[in-house]
Structures are given as C-alpha cells and as structure tokens.
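Worksheet for the structure shown next.
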Amino acid sequence: MPRRQLLIEIPALGAIDRARGRIGRQLAEALRSAISRGELAAGEQLPSTRALAESLGVSRGTVTEAYEQLMAEGCLDAQPGASTRVAATLHAPNSADQRSAVIDADCAPSPPKSAARYAAIAERMAPLPSVPFSVAVPEGAVAMDDHWRRLSNRVRASQVAAPSGYSDPRGLLTLREAIAAYLRKARAVRCGPENIIITEGTQQGLYLAARVLMSPGDAAWAEDPAYPGLTSVLEERGIAMQRIAVDSQGFDVARALEMCPAAKAAFVTPSHQYPMGMPLSMPRRLALMEWAKQSGGWIVEDDYDSELRYAGQPFPALQGLDSRRVVYLGTFSKVLAPSLRLGYVVAPDCLAPAFAGARALMGRGSPLTEQHVIAAYMKEGYFETHIRRIRAIYGERRQALMDALQVELPELRIQPADQGMHIIVWLPDELNDVAVAKAANKAGVALRALSPMCSDNLPLSGLMLGFGGFTNEQLRDAVRRLRQVLEKGFQVRPPPGCTLIAE
Ligand SMILES: Cc1ncc(COP(=O)(O)O)c(C=O)c1O
C-alpha cells in the first residue's frame with residue numbers, strides 16, 4: 001500500500017508503513033525516535049490526535065493509543081484540557097550539531113575497554129568443528145549407551161523433570177551423593193556430598209576458584225603450558241600469574257617457590273598435565289602439599305580426564321593427600337559429553353559454603369533434569385561401565401593414531417603420555433605451529449597449536465591431536481591430510497623409504 005503524503009512535518013513519521021500493520025506501535029516508535037533524534041524538542045507541542053490521525057489516514061484511537069504509551073514511558077506530557085507536548089524533562093538536542101552527534105553516537109557506540117578483552121577470549125575459546133583432530137567429540141561408539149537414553153526418557157516422563165521453583169545452588173543432593181561415592185572409590189578423593197558443588201563444567205569451577213580464593217593483585221602459580229581457559233580466567237580476575245614451565249615430573253614446585261614465593265594458590269593438573277600429558281611425580285606432590293601447609297596457600301586440582309589412562313590404573317587424585325588444602329575440580333565433559341555442561345567442585349569443609357554462595361551468584365545452579373539423569377546413570381552402575389568401555393575404545397584409537405603418525409609423519413616426534421583424549425606432536429623448531437594449525441583447519445583437519453598455551457618465555461612448537469570421537473579410518477585419513485598440508489605449505493619432507501598408508 002503506498003504511503004500517504006504527510007501533512008504534518010515530522011520526518012520520522014515517514015517511516016510508518018500501513019502495509020506492515022500495528023500502526024499504533026509503529027507510530028509510537030516513530031515518535032520515540034523523533035524525540036531521541038531531536039526532531040521533536042523537549043516541551044514541543046505535538047499535533048492533536050485528530051489532526052495527526054487525519055494526516056496519517058488512521059483512526060483517532062490509534063493515535064491516542066500511541067500517545068498514551070509514550071506518556072506512560074515519560075516521553076510525553078499532557079495536562080487535562082491542554083495540548084500534548086514532549087516531556088520538558090527530556091533534554092533532547094536542539095542544534096543540528098547536537099542532533100548529528102546523537103545520531104552518530106547511536107550508530108557507533110563505543111564499547112567499554114573490557115569488551116575487546118572478552119571478544120579475544122571468545123575467539124580463543126571458540127570450539128573446533130567436529131572433525132579429527134578436535135578433542136572431546138563423543139560421537140558414534142563412544143556416545144552414551146541405550147541405558148542413558150532409557151534413563152533420560154524415564155526422568156523426562158517423571159514428576160522430577162516438571163518445572164519447579166529454585167533449587168539448592170550446590171546441585172541435586174542425589175547427584176552429589178553419587179559423585180562423592182564415585183570419587184572416594186575411583187579417585188581416592190576424600191569428600192561427602194556436603195563438599196560438592198555442581199557446576200557447568202570445570203571452566204566454571206576454575207572461575208569460581210579464582211573468585212573465592214583470590215583477590216585482584218594476588219599472585220598465583222600456573223603451569224606453562226596450561227589450559228587457556230585457566231590463564232584467561234586468572235587474567236580476567238587481575239591475578240599476578242606466575243607461569244612455571246613443566247618438566248618430565250610435571251609442575252616444578254622448587255622453581256615456583258624461587259620465582260614467586262608469595263603465591264596464594266597453585267592451579268595444577270596433577271594426574272595428566274594439560275596439554276603435555278605427564279603426571280605430577282610423588283616427590284613433587286608432597287612438595288606442593290608442604291608448600292600449601294607452610295604458606296596457607298590453596299591448591300586447585302583440575303582433574304579433567306584422569307579416568308582415561310591406558311597403561312594401568314588412573315593416578316589417584318592429589319586431593320586425597322590432604323583434603324583441607326585442595327579444591328578439586330571434576331567434569332563430565334570428557335567421560336560423558338561436553339554439551340552436558342556439568343561438572344563439580346569438591347571444596348574443603350571450610351570453603352564449601354563460600355563456593356555455594358559464589359555458585360548461587362553465577363546462575364543459581366544448573367538445570368535439574370540432566371542432573372537427575374546422571375545421578376541415576378551413576379547410581380545404577382552404568383557410569384563406571386561406560387568409562388571402562390570408552391577407555392578400551394579410546395585406547396585402540398589412540399594406538400591407531402600413533403601408528404598412522406609413525407608411518408605418515410615419522411619426522412614428527414610424539415610427546416610420551418599414556419592418558420587422555422589427545423596427543424601432542426612436536427614440530428621442527430623453525431615451523432610456526434599457529435600457521436600450520438591454520439592451514440590444516442583450512443584443509444578440513446581441526447587442530448590446535450601448542451604455542452598459544454605457552455607463556456612468552458616458552459618457545460614450544462607443536463600440535464594437539466584429539467582422537468576421541470573418530471574412527472580409526474577417519475584418523476588415518478586426517479593424518480594423510482595433515483601430511484599433505486605439511487609437505488605442500490611447509491616443505492616438511494618424509495624421510496626416504498617412508499610408505500604411505502593405503503588410501
Ligand atoms: C585442562 C582442562 N581444564 C578444564 C577444561 C574445561 O572443561 P569443561 O568442559 O568441564 O568446562 C578443559 C576442557 O577441555 C580442559 O582441557
């Protein structure tokens with residue numbers, strides 16, 4: 001429907017399109033925008049409802065409805081028997097300069113300083129596509145089994161899944177009981193349900209720990225290299241982070257004490273150093289405990305994938321050595337699925353209420369339905385069977401990946417490790433791992449580079465290859481493609497005599 005010729009000179013009204021309907025709402029929007037742009041100044045008289053209705057070709061009631069809406073919002077004033085005016089308290093700009101300033105400011109708001117920092121974190125933590133070698137993609141044979149589906153259906157059909165009021169921010173008691181029983185038995189963690197706070201995964205556990213244990217300006221030790229989700233949290237909290245290079249025994253406590261004796265907390269991955277893979281040796285574990293005891297410092301143990309050890313039993317958790325000084329973080333991301341967004345903090349007795357409070361501030365707790373499903377899965381014995389099953393599958397896939405690497409890319413050294421869902425391969429020193437990862441990602445091979453996980457003082461060049469959710473064939477194919485990327489773009493040549501795996 002063509003727009004009418006306006007008799008009333010308010011440019012914003014020209015945007016009203018009767019074909020779009022809801023004219024009253026469009027009119028209110030147009031007048032609001034005319035006021036904010038300064039086309040209508042504070043105190044200025046508006047046309048009568050009759051005149052504006054005639055000009056727009058709409059009913060008088062439509063105009064009255066728009067005026068009343070704007071009066072309720074405080075944009076317009078009308079005294080009984082007097083005309084309607086733009087509210088005098090609105091200091092809308094009058095001059096052309098002021099108007100254009102308002103328009104420019106509308107178009108280009110300038111984000112606060114912190115926005116760029118958070119945007120960079122979003123980029124750094126963007127997930128990779130679900131193709132090899134993305135880490136933690138529980139699909140196919142490693143996805144949860146039929147018992148999971150049956151329990152999910154049972155929970156969803158029952159009263160417990162019905163929408164209800166707020167619940168305990170620490171999470172569902174039956175799940176906390178199941179986790180405590182599992183951790184005592186499988187991880188040698190000393191805890192009861194009262195120590196457990198359900199989180200949206202270890203990422204949130206790290207954030208909570210940085211909030212509860214640290215104040216801006218406090219010093220903390222972090223491993224080098226380390227999980228970027230941790231280093232970003234510490235930076236965000238304004239922590240003076242001292243990175244400590246790991247060696248074959250893991251985190252080096254003596255070196256940490258030399259470099260930063262005033263640390264208030266140590267953030268470590270004792271069972272399976274992330275990303276290098278070595279466990280923290282017993283002498284280092286004892287040294288770390290001794291430091292915590294002597295200094296009153298806290299140890300934050302990120303136990304993200306320790307269930308997945310292939311060459312023997314998983315290493316026991318550090319927390320079992322002294323549960324009073326360790327905040328233990330666990331997750332269902334690796335053994336079940338990252339999309340569940342469920343994990344847990346095991347807090348020492350004296351810190352459990354504080355973690356519950358911090359968790360309440362961060363969203364009041366996690367959705368209950370999935371918690372009921374996991375609790376049933378654990379209590380009915382399926383969880384541990386599932387772990388045993390996926391451990392066998394992952395072990396086989398890991399071996400297939402290492403075999404393929406040895407055949408296709410024997411010049412790349414594999415970092416020794418016997419657990420987890422990824423392996424690290426070293427690149428020749430002169431190769432830029434970020435450039436290699438970028439080129440591989442373009443060729444459909446999802447890779448993370450090692451150097452962004454390192455401090456500026458640690459010039460490592462390597463690649464992280466996840467193998468969890470992919471078949472042996474997919475892994476071999478991805479290794480072949482990685483080899484092509486390295487040969488074409490980076491002149492990495494296989495040694496003479498090296499054979500290709502049959503296509
Ligand atoms: C070492 C480490 N810590 C924490 C996390 C975060 O895990 P979640 O998915 O439980 O937040 C990850 C995820 O990959 C990780 O590798």
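The chains in the structure tokens are called A, B, ... from first to last as shown; in each chain the residues are counted from 1, and the ligands are counted from 1 in the order shown.
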What residues have any atom no more than 8 Å from ligand 1 when counting only C-alpha atoms and all ligand atoms, and can you list them as a ChimeraX atom specification? /A:135-136,200-206,226-227,229-230,269,273-275,302-305,330-334,338-339,341-343
Give the alpha helix (DSSP H) residues of stretch 114-187 of chain A, as assigned by DSSP on the backbone, as a PyMOL selection string. chain A and resi 114-124+146-157+173-186
Using only C-alpha atoms, which of the listed residues (A:Cys454, A:Ile198, A:Leu340, A:Val63) sits closest to A:Met362?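 Distance minimum relative to A:Met362 lands on A:Ile198.
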Tell me, counting only C-alpha atoms, for each residue of stretch 476-495 of chain A within 9 Å of stretch 432-453 of chain A, which pair of atoms is nearest and how far apart they are in Å to one decimal, in rows ordered by chain and increasing number, as a tab-separated table.
residue	atom	partner	partner_atom	distance
A:Ala478	CA	A:Val445	CA	6.2
A:Val479	CA	A:Val445	CA	8.6
A:Arg481	CA	A:Val445	CA	7.3
A:Leu482	CA	A:Ala440	CA	6.3
A:Val485	CA	A:Ala440	CA	6.2
A:Leu486	CA	A:Val436	CA	7.3
A:Gly489	CA	A:Ala439	CA	7.8
A:Phe490	CA	A:Val436	CA	7.8
Saved selection, atoms kept: all heavy atoms, as a short mmCIF file (atom, residue, chain, number, x, y, z; two decimals), in the first residue's frame:
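Dumped everything to part-v7.cif:
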data_model
loop_
_atom_site.label_atom_id
_atom_site.label_comp_id
_atom_site.auth_asym_id
_atom_site.auth_seq_id
_atom_site.Cartn_x
_atom_site.Cartn_y
_atom_site.Cartn_z
N ALA A 478 42.84 -38.25 8.29
CA ALA A 478 43.23 -36.91 8.73
C ALA A 478 44.76 -36.79 8.82
O ALA A 478 45.34 -35.74 8.52
CB ALA A 478 42.60 -36.59 10.08
N VAL A 479 45.43 -37.88 9.23
CA VAL A 479 46.90 -37.84 9.28
C VAL A 479 47.46 -37.65 7.86
O VAL A 479 48.39 -36.86 7.64
CB VAL A 479 47.47 -39.14 9.91
CG1 VAL A 479 48.99 -39.20 9.76
CG2 VAL A 479 47.10 -39.20 11.39
N ARG A 481 46.00 -36.16 5.45
CA ARG A 481 45.78 -34.77 5.02
C ARG A 481 46.74 -33.81 5.72
O ARG A 481 47.21 -32.84 5.14
CB ARG A 481 44.32 -34.36 5.23
CG ARG A 481 43.51 -34.87 4.03
CD ARG A 481 42.15 -34.33 3.98
NE ARG A 481 41.32 -35.03 4.95
CZ ARG A 481 40.23 -34.52 5.48
NH1 ARG A 481 39.87 -33.30 5.17
NH2 ARG A 481 39.50 -35.22 6.31
N LEU A 482 47.03 -34.11 6.97
CA LEU A 482 48.00 -33.27 7.69
C LEU A 482 49.35 -33.37 7.00
O LEU A 482 50.07 -32.37 6.83
CB LEU A 482 48.09 -33.72 9.15
CG LEU A 482 49.16 -33.04 9.98
CD1 LEU A 482 48.96 -31.53 10.02
CD2 LEU A 482 49.18 -33.60 11.42
N VAL A 485 49.35 -31.17 4.03
CA VAL A 485 49.46 -29.75 4.42
C VAL A 485 50.91 -29.41 4.73
O VAL A 485 51.45 -28.40 4.27
CB VAL A 485 48.57 -29.45 5.66
CG1 VAL A 485 48.88 -28.09 6.25
CG2 VAL A 485 47.10 -29.55 5.28
N LEU A 486 51.57 -30.30 5.49
CA LEU A 486 52.95 -30.03 5.89
C LEU A 486 53.89 -30.07 4.69
O LEU A 486 54.81 -29.26 4.57
CB LEU A 486 53.40 -31.04 6.94
CG LEU A 486 52.81 -30.80 8.34
CD1 LEU A 486 53.04 -32.01 9.25
CD2 LEU A 486 53.41 -29.55 8.96
N GLY A 489 52.68 -26.85 2.18
CA GLY A 489 52.79 -25.48 2.69
C GLY A 489 54.05 -25.23 3.48
O GLY A 489 54.44 -24.09 3.68
N PHE A 490 54.68 -26.30 3.99
CA PHE A 490 55.77 -26.06 4.94
C PHE A 490 57.02 -26.87 4.62
O PHE A 490 57.94 -26.97 5.44
CB PHE A 490 55.25 -26.37 6.36
CG PHE A 490 54.07 -25.52 6.73
CD1 PHE A 490 52.78 -25.94 6.45
CD2 PHE A 490 54.25 -24.28 7.32
CE1 PHE A 490 51.68 -25.15 6.76
CE2 PHE A 490 53.17 -23.48 7.64
CZ PHE A 490 51.88 -23.91 7.35
#
List every residue of stretch 188-220 of chain A that has an atom at most 12 Å from any atom of stretch 257-260 of chain A, giving for each one its closest atom pair and the distance in Å to one decimal, counting only C-alpha atoms, sorted by chain and then by ascending residue number, as a Markdown table.
| residue | atom | partner | partner_atom | distance |
| --- | --- | --- | --- | --- |
| A:Asp218 | CA | A:Cys260 | CA | 11.2 |
| A:Ala219 | CA | A:Cys260 | CA | 7.8 |
| A:Ala220 | CA | A:Cys260 | CA | 8.3 |
Which stretch 380-492 of chain A residues have any atom within 12 Å of an atom of stretch 185-192 of chain A, and for each, what is the nearest pair of atoms with distance in Å to one decimal, counting only C-alpha atoms, rows sorted by chain and number, as a Markdown table?
| residue | atom | partner | partner_atom | distance |
| --- | --- | --- | --- | --- |
| A:Phe383 | CA | A:Ala186 | CA | 11.6 |
| A:Glu384 | CA | A:Ala186 | CA | 9.1 |
| A:Ile387 | CA | A:Ala186 | CA | 11.1 |
| A:Arg388 | CA | A:Ala186 | CA | 11.9 |
Using only C-alpha atoms for the distances, tell me which of A:Pro80, A:Gly57, A:Gly165, A:Pro129 is nearest to A:Leu368.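 Distance minimum relative to A:Leu368 lands on A:Gly165.
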So which residues of stretch 335-456 of chain A fall under strand (DSSP E or B) by DSSP, listed as a PyMOL selection string? chain A and resi 343-346+414+419+422-426+448-449
Using Å and a single decimal, report how far atom CA of A:Ser114 sits from atom CA of A:Ile197.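 Atom-to-atom, atom CA of A:Ile197 and atom CA of A:Ser114 are spaced 29.2 Å apart.
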The distance between atom CA of A:Asp403 and atom CA of A:Pro228 is 29.0 Å
Between atom CA of A:Glu411 and atom CA of A:Gly462, what distance in Å does the model show, to one decimal?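 A separation of 12.7 Å between them.
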